[in-house]
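Heads up, input.cif below (mmCIF, C-alpha atoms):
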data_start
loop_
_atom_site.group_PDB
_atom_site.id
_atom_site.type_symbol
_atom_site.label_atom_id
_atom_site.label_comp_id
_atom_site.auth_asym_id
_atom_site.auth_seq_id
_atom_site.Cartn_x
_atom_site.Cartn_y
_atom_site.Cartn_z
ATOM 1 C CA CYS A 1 -10.727 12.910 5.101
ATOM 2 C CA MET A 2 -10.793 9.317 6.383
ATOM 3 C CA VAL A 3 -8.177 6.945 7.790
ATOM 4 C CA MET A 4 -7.802 3.277 8.618
ATOM 5 C CA PHE A 5 -5.443 1.552 11.035
ATOM 6 C CA THR A 6 -2.990 -0.922 9.518
ATOM 7 C CA SER A 7 0.500 -1.132 10.962
ATOM 8 C CA GLN A 8 0.106 2.654 11.222
ATOM 9 C CA VAL A 9 -2.486 5.359 10.535
ATOM 10 C CA ARG A 10 -3.171 5.141 6.795
ATOM 11 C CA THR A 11 -4.956 7.837 4.798
ATOM 12 C CA HIS A 12 -7.789 5.713 3.516
ATOM 13 C CA ALA A 13 -10.272 7.648 1.406
ATOM 14 C CA THR A 14 -11.563 11.061 0.450
ATOM 15 C CA LYS A 15 -14.981 12.384 -0.418
ATOM 16 C CA CYS A 16 -15.871 14.321 -3.540
ATOM 17 C CA ALA A 17 -16.278 18.086 -3.135
ATOM 18 C CA ARG A 18 -17.909 19.944 -6.010
ATOM 19 C CA ASN A 19 -18.543 23.595 -6.831
ATOM 20 C CA LEU A 20 -16.428 24.972 -4.001
ATOM 21 C CA SER A 21 -16.282 28.759 -4.101
ATOM 22 C CA LYS A 22 -13.104 28.814 -2.011
ATOM 23 C CA PRO A 23 -10.652 26.342 -0.441
ATOM 24 C CA LYS A 24 -12.238 24.137 2.237
ATOM 25 C CA LEU A 25 -10.755 23.367 5.639
ATOM 26 C CA THR A 26 -10.159 19.631 6.176
ATOM 27 C CA ASN A 27 -9.635 17.541 9.302
ATOM 28 C CA ALA A 28 -5.832 17.531 9.090
ATOM 29 C CA ILE A 29 -5.665 14.805 6.434
ATOM 30 C CA TRP A 30 -2.722 15.532 4.143
ATOM 31 C CA GLY A 31 -1.565 13.798 0.954
ATOM 32 C CA ALA A 32 2.122 13.572 0.029
ATOM 33 C CA GLY A 33 1.312 13.003 -3.641
ATOM 34 C CA LEU A 34 0.135 16.556 -4.205
ATOM 35 C CA SER A 35 1.119 19.251 -1.727
ATOM 36 C CA PHE A 36 1.819 22.978 -2.011
ATOM 37 C CA SER A 37 3.116 25.225 0.738
ATOM 38 C CA LYS A 38 5.302 28.164 1.592
ATOM 39 C CA CYS A 39 8.883 27.037 2.065
ATOM 40 C CA HIS A 40 8.873 27.640 5.828
ATOM 41 C CA ALA A 41 6.436 24.714 6.156
ATOM 42 C CA GLU A 42 9.044 22.370 4.669
ATOM 43 C CA LEU A 43 11.762 23.839 6.880
ATOM 44 C CA LYS A 44 9.711 23.517 10.075
ATOM 45 C CA VAL A 45 8.323 20.079 9.248
ATOM 46 C CA PRO A 46 10.994 18.200 7.269
ATOM 47 C CA VAL A 47 10.621 14.547 6.306
ATOM 48 C CA ASP A 48 11.787 12.306 9.166
ATOM 49 C CA PRO A 49 14.981 10.559 7.947
ATOM 50 C CA HIS A 50 14.667 7.977 10.739
ATOM 51 C CA THR A 51 11.654 6.266 9.151
ATOM 52 C CA PRO A 52 13.010 4.270 6.172
ATOM 53 C CA GLY A 53 10.583 1.933 4.427
ATOM 54 C CA ILE A 54 7.490 3.641 5.820
ATOM 55 C CA PHE A 55 4.452 3.856 3.546
ATOM 56 C CA ASP A 56 1.414 3.605 5.823
ATOM 57 C CA GLY A 57 1.686 6.284 8.479
ATOM 58 C CA GLU A 58 4.014 8.731 6.735
ATOM 59 C CA GLU A 59 1.237 11.053 5.592
ATOM 60 C CA PHE A 60 -0.750 11.264 8.808
ATOM 61 C CA ASN A 61 2.388 11.655 10.895
ATOM 62 C CA ARG A 62 3.475 14.623 8.823
ATOM 63 C CA ALA A 63 -0.041 16.040 8.802
ATOM 64 C CA ALA A 64 -0.029 15.951 12.603
ATOM 65 C CA ARG A 65 3.303 17.739 12.664
ATOM 66 C CA PHE A 66 2.115 20.398 10.190
ATOM 67 C CA TRP A 67 -1.085 20.983 12.157
ATOM 68 C CA THR A 68 0.602 21.238 15.570
ATOM 69 C CA TYR A 69 3.037 23.763 14.074
ATOM 70 C CA GLY A 70 0.042 25.922 13.135
ATOM 71 C CA TYR A 71 -0.556 24.916 9.521
ATOM 72 C CA ASP A 72 -4.117 24.354 8.317
ATOM 73 C CA ILE A 73 -4.844 21.858 5.565
ATOM 74 C CA TYR A 74 -7.367 22.738 2.868
ATOM 75 C CA THR A 75 -9.026 21.126 -0.117
ATOM 76 C CA PRO A 76 -8.390 23.358 -3.178
ATOM 77 C CA ASN A 77 -11.500 24.675 -4.913
ATOM 78 C CA ARG A 78 -10.310 23.667 -8.380
ATOM 79 C CA VAL A 79 -8.000 21.089 -9.977
ATOM 80 C CA TRP A 80 -4.578 22.564 -10.674
ATOM 81 C CA ILE A 81 -2.557 19.471 -11.503
ATOM 82 C CA LEU A 82 -3.096 15.729 -11.889
ATOM 83 C CA HIS A 83 -1.041 12.905 -10.396
ATOM 84 C CA ASP A 84 -1.004 9.704 -12.476
ATOM 85 C CA TYR A 85 -0.702 7.472 -9.429
ATOM 86 C CA PRO A 86 -1.255 4.024 -11.035
ATOM 87 C CA GLY A 87 0.878 4.893 -14.052
ATOM 88 C CA SER A 88 3.819 6.173 -12.017
ATOM 89 C CA GLN A 89 3.637 3.176 -9.673
ATOM 90 C CA HIS A 90 4.058 0.688 -12.500
ATOM 91 C CA ASN A 91 6.640 2.624 -14.495
ATOM 92 C CA PRO A 92 10.146 1.404 -13.510
ATOM 93 C CA LYS A 93 11.671 4.614 -14.873
ATOM 94 C CA THR A 94 9.755 6.832 -12.478
ATOM 95 C CA SER A 95 9.018 4.601 -9.500
ATOM 96 C CA GLY A 96 11.729 4.348 -6.871
ATOM 97 C CA TRP A 97 9.673 2.368 -4.341
ATOM 98 C CA GLY A 98 11.449 -0.757 -3.123
ATOM 99 C CA HIS A 99 14.860 0.357 -4.374
ATOM 100 C CA GLY A 100 16.052 1.496 -0.963
ATOM 101 C CA SER A 101 18.026 -0.553 1.534
ATOM 102 C CA PHE A 102 16.653 -0.986 5.059
ATOM 103 C CA SER A 103 16.423 -3.809 7.569
ATOM 104 C CA ASN A 104 13.570 -5.163 9.660
ATOM 105 C CA ALA A 105 15.180 -3.414 12.624
ATOM 106 C CA ASP A 106 15.028 -0.107 10.735
ATOM 107 C CA LEU A 107 11.355 -0.659 9.982
ATOM 108 C CA LYS A 108 10.607 -1.643 13.576
ATOM 109 C CA ASN A 109 12.289 1.522 14.839
ATOM 110 C CA ALA A 110 10.329 3.623 12.319
ATOM 111 C CA PHE A 111 7.030 2.166 13.586
ATOM 112 C CA TYR A 112 8.155 2.848 17.154
ATOM 113 C CA ARG A 113 8.881 6.504 16.350
ATOM 114 C CA LEU A 114 5.577 7.143 14.571
ATOM 115 C CA ASN A 115 3.558 5.397 17.287
ATOM 116 C CA THR A 116 5.340 7.306 20.042
ATOM 117 C CA ILE A 117 4.851 10.723 18.460
ATOM 118 C CA LEU A 118 1.098 10.167 17.938
ATOM 119 C CA ASP A 119 0.394 8.188 21.162
ATOM 120 C CA VAL A 120 -0.651 5.177 19.080
ATOM 121 C CA PRO A 121 -0.254 1.849 20.965
ATOM 122 C CA GLY A 122 3.109 0.260 20.272
ATOM 123 C CA GLY A 123 5.283 3.284 21.011
ATOM 124 C CA GLU A 124 7.521 4.286 23.918
ATOM 125 C CA LYS A 125 6.030 3.348 27.294
ATOM 126 C CA ASN A 126 8.268 5.606 29.368
ATOM 127 C CA TYR A 127 6.511 8.969 29.684
ATOM 128 C CA GLU A 128 9.653 11.123 29.787
ATOM 129 C CA LYS A 129 11.302 9.369 26.827
ATOM 130 C CA GLY A 130 8.123 9.637 24.793
ATOM 131 C CA LEU A 131 7.785 13.328 25.612
ATOM 132 C CA ALA A 132 11.408 13.938 24.600
ATOM 133 C CA LEU A 133 10.750 12.373 21.195
ATOM 134 C CA LYS A 134 7.594 14.444 20.709
ATOM 135 C CA ARG A 135 9.599 17.618 21.405
ATOM 136 C CA SER A 136 12.528 16.676 19.160
ATOM 137 C CA LYS A 137 13.338 17.942 15.666
ATOM 138 C CA TYR A 138 11.060 15.455 13.900
ATOM 139 C CA GLY A 139 8.410 15.469 16.590
ATOM 140 C CA LEU A 140 5.297 17.588 17.049
ATOM 141 C CA GLY A 141 5.020 21.357 16.846
ATOM 142 C CA ASP A 142 4.328 23.525 19.874
ATOM 143 C CA ARG A 143 1.493 25.753 18.615
ATOM 144 C CA ARG A 144 -1.315 23.202 19.044
ATOM 145 C CA SER A 145 -1.417 20.048 21.149
ATOM 146 C CA LEU A 146 -1.947 16.401 20.258
ATOM 147 C CA ASP A 147 -5.139 16.436 22.342
ATOM 148 C CA GLN A 148 -6.448 19.277 20.181
ATOM 149 C CA LEU A 149 -5.559 17.332 17.037
ATOM 150 C CA ILE A 150 -7.506 14.283 18.216
ATOM 151 C CA GLN A 151 -10.580 16.395 18.950
ATOM 152 C CA PHE A 152 -10.297 18.308 15.668
ATOM 153 C CA SER A 153 -9.656 15.311 13.403
ATOM 154 C CA GLY A 154 -12.066 13.061 15.284
ATOM 155 C CA ILE A 155 -9.551 10.176 15.105
ATOM 156 C CA ASP A 156 -8.991 8.200 18.304
ATOM 157 C CA LEU A 157 -5.266 7.631 17.982
ATOM 158 C CA ARG A 158 -4.774 6.295 21.509
ATOM 159 C CA HIS A 159 -7.246 3.455 20.991
ATOM 160 C CA LYS A 160 -6.706 2.909 17.225
ATOM 161 C CA LYS A 161 -10.277 3.816 16.336
ATOM 162 C CA VAL A 162 -11.225 5.806 13.238
ATOM 163 C CA THR A 163 -13.565 8.051 15.224
ATOM 164 C CA ILE A 164 -13.876 9.268 18.777
ATOM 165 C CA ASP A 165 -17.622 9.826 18.640
ATOM 166 C CA GLY A 166 -19.022 8.003 15.604
ATOM 167 C CA LYS A 167 -18.960 11.160 13.482
ATOM 168 C CA ASN A 168 -17.068 11.769 10.243
ATOM 169 C CA ARG A 169 -15.131 15.046 10.118
ATOM 170 C CA CYS A 170 -15.422 15.549 6.340
ATOM 171 C CA GLY A 171 -18.187 18.081 6.890
ATOM 172 C CA ASN A 172 -18.062 21.482 8.526
ATOM 173 C CA LEU A 173 -15.190 22.043 10.925
ATOM 174 C CA GLN A 174 -14.461 24.626 13.591
ATOM 175 C CA TRP A 175 -11.038 26.198 13.058
ATOM 176 C CA VAL A 176 -8.767 25.734 16.090
ATOM 177 C CA PRO A 177 -7.076 28.990 17.167
ATOM 178 C CA PHE A 178 -3.439 29.137 18.210
ATOM 179 C CA THR A 179 -0.854 31.742 19.092
ATOM 180 C CA GLU A 180 1.869 32.327 16.514
ATOM 181 C CA ASN A 181 5.483 32.042 17.613
ATOM 182 C CA PRO A 182 6.519 35.448 19.034
ATOM 183 C CA LYS A 183 9.476 35.418 16.629
ATOM 184 C CA GLY A 184 7.122 35.315 13.644
ATOM 185 C CA VAL A 185 5.697 32.826 11.173
ATOM 186 C CA ASN A 186 8.989 32.627 9.255
ATOM 187 C CA TYR A 187 11.019 31.641 12.318
ATOM 188 C CA ILE A 188 12.438 28.111 12.076
ATOM 189 C CA PRO A 189 12.865 26.451 15.504
ATOM 190 C CA LYS A 190 16.418 25.395 16.343
ATOM 191 C CA PHE A 191 17.507 21.886 17.307
ATOM 192 C CA ASP A 192 20.824 20.259 18.156
ATOM 193 C CA ASP A 193 22.353 18.724 15.021
ATOM 194 C CA ILE A 194 23.422 15.579 16.881
ATOM 195 C CA THR A 195 20.830 14.913 19.599
ATOM 196 C CA GLU A 196 17.945 16.648 17.754
ATOM 197 C CA GLU A 197 16.854 18.126 21.080
ATOM 198 C CA PRO A 198 15.298 21.632 21.074
ATOM 199 C CA LEU A 199 17.606 24.600 21.598
ATOM 200 C CA ASP A 200 14.940 27.297 21.974
ATOM 201 C CA LEU A 201 14.788 26.919 25.736
ATOM 202 C CA PRO A 202 13.263 27.828 28.075
ATOM 203 C CA TYR A 203 9.920 27.538 26.270
ATOM 204 C CA GLU A 204 7.911 30.754 26.201
ATOM 205 C CA LYS A 205 4.329 30.915 27.458
ATOM 206 C CA THR A 206 2.583 30.489 24.117
ATOM 207 C CA SER A 207 4.242 27.089 23.568
ATOM 208 C CA VAL A 208 2.186 24.001 24.400
ATOM 209 C CA TRP A 209 5.413 22.592 25.910
ATOM 210 C CA TYR A 210 5.654 25.464 28.415
ATOM 211 C CA ASP A 211 6.110 24.156 31.970
ATOM 212 C CA PRO A 212 6.082 26.842 34.707
ATOM 213 C CA ARG A 213 8.264 24.635 36.927
ATOM 214 C CA VAL A 214 11.061 24.788 34.375
ATOM 215 C CA ASP A 215 10.318 27.649 31.990
ATOM 216 C CA GLY A 216 8.653 30.133 34.345
ATOM 217 C CA VAL A 217 10.031 32.163 37.259
ATOM 218 C CA GLY A 218 13.262 30.584 38.383
ATOM 219 C CA ALA A 219 13.858 28.922 35.015
ATOM 220 C CA GLY A 220 16.995 26.840 35.061
ATOM 221 C CA MET A 221 16.818 26.022 38.762
ATOM 222 C CA VAL A 222 15.053 22.730 38.037
ATOM 223 C CA ALA A 223 16.392 20.415 35.354
ATOM 224 C CA ARG A 224 13.745 19.471 32.803
ATOM 225 C CA ARG A 225 14.833 15.826 32.799
ATOM 226 C CA THR A 226 14.631 15.466 36.584
ATOM 227 C CA ILE A 227 10.906 16.207 36.682
ATOM 228 C CA GLY A 228 9.058 12.923 37.130
ATOM 229 C CA SER A 229 12.308 10.948 37.458
ATOM 230 C CA GLU A 230 12.021 10.319 41.204
ATOM 231 C CA GLU A 231 10.563 7.054 42.493
ATOM 232 C CA GLU A 232 6.799 7.415 42.569
ATOM 233 C CA ASP A 233 3.630 5.395 42.421
ATOM 234 C CA PRO A 234 2.837 4.869 38.691
ATOM 235 C CA ALA A 235 -0.928 5.226 39.089
ATOM 236 C CA GLU A 236 -0.605 8.340 41.228
ATOM 237 C CA SER A 237 1.980 9.969 38.966
ATOM 238 C CA GLU A 238 -0.122 9.243 35.864
ATOM 239 C CA GLY A 239 -3.124 10.904 37.499
ATOM 240 C CA GLU A 240 -1.064 13.925 38.483
ATOM 241 C CA ARG A 241 0.380 14.234 34.988
ATOM 242 C CA ALA A 242 -3.052 13.979 33.438
ATOM 243 C CA ALA A 243 -4.418 16.670 35.761
ATOM 244 C CA ALA A 244 -1.426 18.939 35.141
ATOM 245 C CA ALA A 245 -1.631 18.411 31.394
ATOM 246 C CA LYS A 246 -5.334 19.198 31.395
ATOM 247 C CA ALA A 247 -4.817 22.372 33.434
ATOM 248 C CA ALA A 248 -1.960 23.504 31.201
ATOM 249 C CA HIS A 249 -4.015 22.743 28.099
ATOM 250 C CA GLU A 250 -6.977 24.770 29.352
ATOM 251 C CA GLU A 251 -4.729 27.671 30.314
ATOM 252 C CA HIS A 252 -3.025 27.616 26.908
ATOM 253 C CA ARG A 253 -6.320 27.378 25.037
ATOM 254 C CA ALA A 254 -7.798 30.303 26.957
ATOM 255 C CA GLU A 255 -4.710 32.419 26.316
ATOM 256 C CA ALA A 256 -4.616 31.442 22.637
ATOM 257 C CA GLU A 257 -8.276 32.328 22.133
ATOM 258 C CA LYS A 258 -7.794 35.611 23.964
ATOM 259 C CA LEU A 259 -4.766 36.562 21.878
ATOM 260 C CA ALA A 260 -6.217 35.297 18.636
ATOM 261 C CA GLY A 261 -9.463 37.207 19.111
ATOM 262 C CA SER A 262 -12.949 36.125 18.231
ATOM 263 C CA SER A 263 -12.849 37.710 14.772
ATOM 264 C CA LEU A 264 -9.634 36.091 13.563
ATOM 265 C CA HIS A 265 -11.288 33.244 11.683
ATOM 266 C CA GLU A 266 -13.625 35.706 9.956
ATOM 267 C CA GLU A 267 -10.635 37.861 8.996
ATOM 268 C CA HIS A 268 -8.889 34.749 7.706
ATOM 269 C CA ALA A 269 -11.861 33.890 5.502
ATOM 270 C CA ALA A 270 -12.132 37.485 4.284
ATOM 271 C CA LEU A 271 -8.441 37.548 3.368
ATOM 272 C CA ALA A 272 -8.794 34.286 1.458
ATOM 273 C CA ALA A 273 -11.781 35.688 -0.423
ATOM 274 C CA ALA A 274 -9.891 38.913 -1.164
ATOM 275 C CA LEU A 275 -6.975 36.894 -2.493
ATOM 276 C CA LEU A 276 -9.231 34.937 -4.799
ATOM 277 C CA GLU A 277 -10.843 38.133 -6.052
ATOM 278 C CA ALA A 278 -7.475 39.814 -6.585
ATOM 279 C CA GLU A 279 -6.354 36.877 -8.666
ATOM 280 C CA GLY A 280 -9.377 37.029 -10.908
ATOM 281 C CA GLY A 281 -11.546 34.756 -8.802
ATOM 282 C CA ASP A 282 -9.625 31.564 -9.608
ATOM 283 C CA GLY A 283 -7.148 31.570 -6.712
ATOM 284 C CA SER A 284 -4.182 31.174 -9.051
ATOM 285 C CA GLY A 285 -1.781 33.212 -6.954
ATOM 286 C CA GLY A 286 0.369 30.126 -6.464
ATOM 287 C CA ARG A 287 1.521 31.271 -3.031
ATOM 288 C CA VAL A 288 -1.289 29.709 -1.039
ATOM 289 C CA LEU A 289 -0.331 26.296 0.316
ATOM 290 C CA TYR A 290 -2.425 23.308 -0.765
ATOM 291 C CA SER A 291 -2.249 19.545 -0.361
ATOM 292 C CA ARG A 292 -4.124 16.755 -2.111
ATOM 293 C CA GLU A 293 -6.564 17.569 0.638
ATOM 294 C CA GLY A 294 -4.943 21.007 0.477
ATOM 295 C CA GLY A 295 -3.335 23.204 3.081
ATOM 296 C CA PHE A 296 -2.155 26.704 3.844
ATOM 297 C CA ASN A 297 -0.866 28.500 6.874
ATOM 298 C CA ARG A 298 -3.128 31.087 8.467
ATOM 299 C CA ASP A 299 -0.480 33.810 8.480
ATOM 300 C CA ALA A 300 0.772 32.929 4.998
ATOM 301 C CA ILE A 301 -2.551 34.190 3.669
ATOM 302 C CA SER A 302 -2.241 37.539 5.380
ATOM 303 C CA ASN A 303 1.322 37.915 4.102
ATOM 304 C CA VAL A 304 0.305 37.668 0.457
ATOM 305 C CA ALA A 305 0.328 41.102 -1.101
#
What would you get if you wrote out this structure as structure tokens?
Amino acid sequence: CMVMFTSQVRTHATKCARNLSKPKLTNAIWGAGLSFSKCHAELKVPVDPHTPGIFDGEEFNRAARFWTYGYDIYTPNRVWILHDYPGSQHNPKTSGWGHGSFSNADLKNAFYRLNTILDVPGGEKNYEKGLALKRSKYGLGDRRSLDQLIQFSGIDLRHKKVTIDGKNRCGNLQWVPFTENPKGVNYIPKFDDITEEPLDLPYEKTSVWYDPRVDGVGAGMVARRTIGSEEEDPAESEGERAAAAKAAHEEHRAEAEKLAGSSLHEEHAALAAALLEAEGGDGSGGRVLYSREGGFNRDAISNVA
């Protein structure tokens, strides 16, 4: 549940959790070494092929993408499988690390992509280009925002600080509501095979990318790429963007909470408990998604018979 900043955001350490009666919500820290999910999670959040040679940063980047697509990451309440990390690292028959071929330019571009997507210093400085990358196939999801992730995880990505308020988020967390894609939890967003730009346009209202100037009444009359492209004062335009983003965020959050309902988290917990009970109290259904810090999608629980 903790990170450190190296060249990227590195998953740094975890805390011991004993005698858990059910899976525990974590602060969006995900481990690639041990992860279980429904297959639609892998289809919505595939590994970014444009980041060769990345070690530090790969896990948190993907965790951010999972979380913004509406997936919640949990610590399992019992040990299901072990990962012999030191042994596999030093075994030439099983370890493939360092066998790939990539240049310094490839690595530099990979750092640029990860920094841009998470707003970590060192990424794209042009607002429109950065936003386009965030919305692309290997960018962020549109069910929760990056601002929400920063508040939920407690990690100050924009200033490369491990905490925004001096508090560690390994303890109790408040689940962040979101509105599921109107096409359903199993719907896989579509992107252009060449440009990797989104094809599900205009964005509908529940998307955090929804812009009423482009996606609302009169959609198509204003080109998405022309917004903010005119000559303007940088300081003034940044202030306007910040105000617009804040207003849109508040509107989306209010709508999401209204649609989600105040009892949704309680229902979610009840369904998880019912699943554990149905499986003999040990949660061995195998269809709930876990990571090393665990993880399962809210609706995946309710879909388990």
Residues selected by the PyMOL selection byres ((chain A and resi 29) around 9), written as a VMD selection string: chain A and resid 1 to 3 11 26 to 28 30 to 31 59 to 60 63 to 64 73 to 74 153 291 to 294
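Nearest residue to Arg143 (chain A), choosing from A:Ile54, A:Leu199, A:Leu82, A:Val185 and counting only C-alpha atoms: A:Val185.
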Best match for closeness to Val208 (chain A) among A:Pro86, A:Pro46, A:Gly70, A:Pro23, counting only C-alpha atoms: A:Gly70
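In terms of minimum interatomic distance to Lys22 (chain A), A:Thr75 ranks closest within A:Thr75, A:Asn168, A:Asn115, A:Asn91, counting only C-alpha atoms.
With CA of Leu114 (chain A) on one side and CA of Asn61 (chain A) on the other, the separation reads 6.6 Å.
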Please return the centre and edge lengths, in Å to one decimal, of a box with edges along x, y and z that contains all listed atoms of region 8-22 of chain A, widened by 6 Å on every side, as AutoDock Vina command-line options.
--center_x -9.2 --center_y 15.7 --center_z 2.2 --size_x 30.6 --size_y 38.2 --size_z 30.1
Take the PyMOL selection byres ((chain A and resi 130) around 10), apply it to the structure above, and return the hits as a PDB file with C-alpha atoms, in the coordinates of the input.
ATOM      1  CA  ARG A 113       8.881   6.504  16.350  1.00  0.00           C
ATOM      2  CA  ASN A 115       3.558   5.397  17.287  1.00  0.00           C
ATOM      3  CA  THR A 116       5.340   7.306  20.042  1.00  0.00           C
ATOM      4  CA  ILE A 117       4.851  10.723  18.460  1.00  0.00           C
ATOM      5  CA  LEU A 118       1.098  10.167  17.938  1.00  0.00           C
ATOM      6  CA  ASP A 119       0.394   8.188  21.162  1.00  0.00           C
ATOM      7  CA  GLY A 123       5.283   3.284  21.011  1.00  0.00           C
ATOM      8  CA  GLU A 124       7.521   4.286  23.918  1.00  0.00           C
ATOM      9  CA  LYS A 125       6.030   3.348  27.294  1.00  0.00           C
ATOM     10  CA  ASN A 126       8.268   5.606  29.368  1.00  0.00           C
ATOM     11  CA  TYR A 127       6.511   8.969  29.684  1.00  0.00           C
ATOM     12  CA  GLU A 128       9.653  11.123  29.787  1.00  0.00           C
ATOM     13  CA  LYS A 129      11.302   9.369  26.827  1.00  0.00           C
ATOM     14  CA  LEU A 131       7.785  13.328  25.612  1.00  0.00           C
ATOM     15  CA  ALA A 132      11.408  13.938  24.600  1.00  0.00           C
ATOM     16  CA  LEU A 133      10.750  12.373  21.195  1.00  0.00           C
ATOM     17  CA  LYS A 134       7.594  14.444  20.709  1.00  0.00           C
ATOM     18  CA  ARG A 135       9.599  17.618  21.405  1.00  0.00           C
TER      19      ARG A 135
END
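What separates CA of Cys16 (chain A) from CA of Pro177 (chain A) is a distance of 26.9 Å.
What separates CA of His50 (chain A) from CA of Glu197 (chain A) is a distance of 14.7 Å.
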